[in-house]
Amino acid sequence: MRILYLHQYFNTRDMPGGTRSFEMARRLVAKGHDVHVVTSQRDGCPDARGETVEAGIRVSWLRVPYSNAMGYGRRMSAFADFAIRSAMTAMASRPDVILATSTPLTIAIPGMAACSWHRIPMVFEVRDLWPEAAIQMGALNHRAMIAGARWLERLAYRQSAEIIALSPGMRDGIVATGVHPDRVTVIPNSSDVDLFSPTVDGTAIRQQLGLSGRILAYFGSMGPMHGVGFIVDAAAEFQRRRITDVTFVLCGDGKERPALERRVQSEALSNVRFVGPLAKRDVAHIAAAADVCIATMANVPVIYTSSPNKLFDSLAAGRPVVTNMPGWQREIVETNECGVFVKPDDAVDFADRVLELLASPERLARYGRNARRTAETQFSRDVLADQLEGVLLRAYAPQVDVRAASDAPVVVVTPS
């Protein structure tokens, strides 16, 4: 298949941020498919403009500046700009199937334009339930804009041959809009078991950062939906209890980071260190240096359905995970005995549960082994890439049948 992959935030392993699209695309290439990614040129992207080839993937980098630190208006402008530019690029290509991955929800616009122009199917991947997440977070509160966003969401679902959801909760949210369950496949975020590993040595990064004692590491975005303020609350509780041998390492960037840094400084929290943002391959060393990894999100019901990279990378690193998300994330860590659930927004409970875990070397080691086993058996990129290929082939197969029928020779029977 010739797959046109639309993703505004595509990252390689040498760039900060999630790499799901890169990892899936390179595996599709290895299976013999032609993959063309259309994405935006942002900080940390290759210097070359236009096109590059990354691990066999043809990548078109469009000049659409974007940063999580942008205000709401500038971000909306960037989304619209990318939608227009990527639609033009998509219509100029010759794919067999479109794979459009959100967020933002506006990625559906070039996807639908291309599938209509080329008369080919679109597979729509839902990474977060938008616009519901933006509504519950308070970022989208204008009645007309909410109505428009909901209309676009439903239109994208109707126009899609297949839909991918990154969690069971997302699947339920999609089905609730009227989509038939048979059209929705759950393919969660997955673990980079070759990049993150218990065998990675974190000694060098500990020395580089001047860290000793025990480390609780968070790596990921620091926006309103990621709940990093709750981690700072927990650090303050640790300091109040005079726990001096535990350091919270917060690795990443985002709109909330400047305010978090000011808070740490104003409260004189000596147990918090900010680093990065770092390329994905370097984040693996942060995970290796940690005793426990933290996978928090904001305490908002729709966010409970999220499928965060940091959770699955922590599992691959063989590190116990702390999550504050009820629902399927809590089920993952508790069912597989690879971490602990702490009550959302309850720093006292965080401190109680994590200190109890740190006090048991045997439990730490057992949870770490279980984490790695969970990553390998349930969330391996290789296994989930096979599932993605299957969804794309299902969408593509009817088109093949139609083309085969149209290309068949016409037999004219004349009476004898």
# chains A, B, ... in the order shown; residues from 1 in each chain; ligands from 1

call {"tool": "closest_atom_pairs", "arguments": {"of": "stretch 277-350 of chain A", "to": "stretch 130-151 of chain A", "cutoff": "10 Å", "atoms": "only C-alpha atoms", "output": "CSV"}}
result
residue,atom,partner,partner_atom,distance
A:Ala298,CA,A:Met137,CA,8.9
A:Asn299,CA,A:Met137,CA,9.6
A:Val300,CA,A:Gln136,CA,6.9
A:Pro301,CA,A:Gln136,CA,8.0
A:Val302,CA,A:Ala133,CA,5.8
A:Ile303,CA,A:Ala133,CA,6.7
A:Thr305,CA,A:Ala133,CA,9.9
A:Ser306,CA,A:Ala133,CA,9.9

call {"tool": "write_last_selection", "arguments": {"atoms": "C-alpha atoms", "output": "tab-separated table (two decimals), in the first residue's frame"}}
result
chain	number	residue	atom	x	y	z
A	298	ALA	CA	-4.99	16.33	35.09
A	299	ASN	CA	-7.90	15.27	37.29
A	300	VAL	CA	-10.59	15.71	34.61
A	301	PRO	CA	-12.96	12.81	33.77
A	302	VAL	CA	-12.37	12.78	30.02
A	303	ILE	CA	-8.59	12.67	30.62
A	305	THR	CA	-9.34	7.81	28.96
A	306	SER	CA	-5.86	9.00	27.94

call {"tool": "residues_around", "arguments": {"residues": "A:Gly327", "least_positions_apart": "5", "cutoff": "9 Å", "atoms": "only C-alpha atoms", "output": "compact mmCIF listing (two decimals) with C-alpha atoms, in the first residue's frame"}}
result
# COMPACT_ATOMS: atom_id res chain seq x y z
CA GLY A 169 -12.47 4.73 27.14
CA TYR A 304 -9.05 9.36 32.44
CA THR A 305 -9.34 7.81 28.96
CA ILE A 332 -2.92 -1.79 34.05

call {"tool": "closest_residue", "arguments": {"among": "A:Leu211, A:Val232, A:Ala359, A:Ala78", "to": "A:Gln265", "atoms": "only C-alpha atoms"}}
result
A:Val232

call {"tool": "select_by_dssp", "arguments": {"residues": "stretch 233-383 of chain A", "states": "strand (DSSP E or B)", "output": "ChimeraX atom specification"}}
result
/A:246-251,272-275,292-295,321-323,339-341,380

call {"tool": "select_by_dssp", "arguments": {"residues": "stretch 145-347 of chain A", "states": "alpha helix (DSSP H)", "output": "ChimeraX atom specification"}}
result
/A:145-159,168-175,203-209,228-240,257-266,280-289,309-316,328-335,347

call {"tool": "closest_residue", "arguments": {"among": "A:Val292, A:Ile164, A:Ala25, A:Val354", "to": "A:Ser102", "atoms": "only C-alpha atoms"}}
result
A:Ile164

call {"tool": "closest_atom_pairs", "arguments": {"of": "stretch 158-222 of chain A", "to": "stretch 117-127 of chain A", "cutoff": "9 Å", "atoms": "only C-alpha atoms", "output": "CSV"}}
result
residue,atom,partner,partner_atom,distance
A:Gln159,CA,A:Met122,CA,7.3
A:Ser160,CA,A:Met122,CA,5.1
A:Ala161,CA,A:Met122,CA,5.7
A:Glu162,CA,A:Val123,CA,4.9
A:Ile163,CA,A:Phe124,CA,4.9
A:Ile164,CA,A:Glu125,CA,4.5
A:Ala165,CA,A:Val126,CA,5.1
A:Leu166,CA,A:Arg127,CA,5.6
A:Ser167,CA,A:Arg127,CA,8.4
A:Met170,CA,A:Val126,CA,7.6
A:Arg171,CA,A:Val126,CA,8.8
A:Ile174,CA,A:Val126,CA,8.8
A:Pro188,CA,A:Arg127,CA,8.9
A:Asn189,CA,A:Arg127,CA,8.7

call {"tool": "atom_distance", "arguments": {"atom1": "atom CA of A:Ser212", "atom2": "atom CA of A:Ala365"}}
result
19.0 Å

call {"tool": "closest_residue", "arguments": {"among": "A:Arg366, A:Arg74, A:His7, A:Arg372", "to": "A:Val38", "atoms": "only C-alpha atoms"}}
result
A:His7

call {"tool": "atom_distance", "arguments": {"atom1": "atom CA of A:Val275", "atom2": "atom CA of A:Val321"}}
result
19.7 Å

call {"tool": "residues_around", "arguments": {"residues": "A:Gly368", "least_positions_apart": "6", "cutoff": "10 Å", "atoms": "only C-alpha atoms", "output": "VMD selection string"}}
result
chain A and resid 198 291 to 292 314 to 321 337 to 339 362 374

call {"tool": "closest_residue", "arguments": {"among": "A:Gly276, A:Gly213, A:Gly220, A:Pro326", "to": "A:Ile294", "atoms": "only C-alpha atoms"}}
result
A:Gly220

call {"tool": "residues_around", "arguments": {"residues": "A:Met297", "least_positions_apart": "6", "cutoff": "10 Å", "atoms": "only C-alpha atoms", "output": "VMD selection string"}}
result
chain A and resid 222 to 231 303 to 304 306 308 323 to 325 344

call {"tool": "write_last_selection", "arguments": {"atoms": "C-alpha atoms", "output": "compact mmCIF listing (two decimals), in the first residue's frame"}}
result
# COMPACT_ATOMS: atom_id res chain seq x y z
CA MET A 222 3.94 20.00 30.84
CA GLY A 223 0.65 21.44 29.66
CA PRO A 224 -2.64 22.02 31.50
CA MET A 225 -3.84 18.46 30.86
CA HIS A 226 -0.73 16.70 32.17
CA GLY A 227 -1.09 17.27 35.91
CA VAL A 228 2.53 18.15 36.61
CA GLY A 229 1.41 20.63 39.27
CA PHE A 230 0.23 17.63 41.28
CA ILE A 231 3.78 16.25 41.21
CA ILE A 303 -8.59 12.67 30.62
CA TYR A 304 -9.05 9.36 32.44
CA SER A 306 -5.86 9.00 27.94
CA PRO A 308 0.12 8.55 27.66
CA THR A 323 -0.42 6.87 38.16
CA ASN A 324 -3.22 9.09 39.41
CA MET A 325 -5.64 8.06 36.66
CA PRO A 344 -5.91 12.39 42.10

call {"tool": "atom_distance", "arguments": {"atom1": "atom CA of A:Thr52", "atom2": "atom CA of A:Phe312"}}
result
28.4 Å

call {"tool": "residues_around", "arguments": {"residues": "A:Gly252", "least_positions_apart": "4", "cutoff": "10 Å", "atoms": "only C-alpha atoms", "output": "list of chain:residue names"}}
result
A:Pro16, A:Gly17, A:Tyr218, A:Phe219, A:Gly220, A:Ser221, A:Met222, A:Arg257, A:Phe274, A:Val275, A:Gly276, A:Pro277, A:Leu278, A:Ala279, A:Val283

call {"tool": "write_last_selection", "arguments": {"atoms": "C-alpha atoms", "output": "PDB file, in the first residue's frame"}}
result
ATOM      1  CA  PRO A  16      11.657  15.661  21.889  1.00  0.00           C
ATOM      2  CA  GLY A  17       8.135  14.318  22.157  1.00  0.00           C
ATOM      3  CA  TYR A 218       8.425  12.364  35.144  1.00  0.00           C
ATOM      4  CA  PHE A 219       9.092  12.734  31.421  1.00  0.00           C
ATOM      5  CA  GLY A 220       6.582  14.232  29.047  1.00  0.00           C
ATOM      6  CA  SER A 221       4.685  17.395  28.204  1.00  0.00           C
ATOM      7  CA  MET A 222       3.945  20.001  30.843  1.00  0.00           C
ATOM      8  CA  ARG A 257       6.702  24.738  32.817  1.00  0.00           C
ATOM      9  CA  PHE A 274      13.839  20.406  35.782  1.00  0.00           C
ATOM     10  CA  VAL A 275      15.703  19.023  32.767  1.00  0.00           C
ATOM     11  CA  GLY A 276      15.226  18.927  29.022  1.00  0.00           C
ATOM     12  CA  PRO A 277      13.336  18.772  26.834  1.00  0.00           C
ATOM     13  CA  LEU A 278      15.400  15.841  25.574  1.00  0.00           C
ATOM     14  CA  ALA A 279      15.343  13.646  22.489  1.00  0.00           C
ATOM     15  CA  VAL A 283      14.800  10.196  27.827  1.00  0.00           C
TER      16      VAL A 283
END

call {"tool": "decode", "arguments": {"residues": "stretch 10-23 of chain A", "atoms": "N, CA and C atoms", "output": "CSV table (one decimal), in the first residue's frame"}}
result
chain,number,residue,atom,x,y,z
A,10,PHE,N,4.7,15.0,14.2
A,10,PHE,CA,5.6,13.8,13.9
A,10,PHE,C,7.0,14.1,14.5
A,11,ASN,N,7.5,13.1,15.3
A,11,ASN,CA,8.8,13.2,15.8
A,11,ASN,C,9.6,11.9,15.6
A,12,THR,N,10.9,12.1,15.3
A,12,THR,CA,11.8,10.9,15.3
A,12,THR,C,12.4,10.7,16.7
A,13,ARG,N,13.2,9.7,16.8
A,13,ARG,CA,13.8,9.4,18.1
A,13,ARG,C,14.9,10.5,18.5
A,14,ASP,N,15.3,11.3,17.6
A,14,ASP,CA,16.3,12.4,17.8
A,14,ASP,C,15.6,13.7,18.2
A,15,MET,N,14.3,13.7,18.4
A,15,MET,CA,13.5,14.9,18.7
A,15,MET,C,12.8,14.7,20.0
A,16,PRO,N,12.5,15.8,20.7
A,16,PRO,CA,11.7,15.7,21.9
A,16,PRO,C,10.2,15.3,21.5
A,17,GLY,N,9.6,14.6,22.4
A,17,GLY,CA,8.1,14.3,22.2
A,17,GLY,C,7.9,12.9,21.8
A,18,GLY,N,6.6,12.6,21.7
A,18,GLY,CA,6.2,11.2,21.4
A,18,GLY,C,6.6,10.8,20.0
A,19,THR,N,6.8,9.5,19.8
A,19,THR,CA,7.3,8.9,18.6
A,19,THR,C,6.4,7.8,18.0
A,20,ARG,N,5.2,7.8,18.4
A,20,ARG,CA,4.3,6.7,18.0
A,20,ARG,C,4.2,6.6,16.4
A,21,SER,N,4.0,7.8,15.8
A,21,SER,CA,3.9,7.8,14.3
A,21,SER,C,5.2,7.3,13.7
A,22,PHE,N,6.3,7.7,14.2
A,22,PHE,CA,7.6,7.3,13.6
A,22,PHE,C,7.8,5.8,13.7
A,23,GLU,N,7.5,5.3,14.9
A,23,GLU,CA,7.7,3.9,15.2
A,23,GLU,C,6.8,3.0,14.4
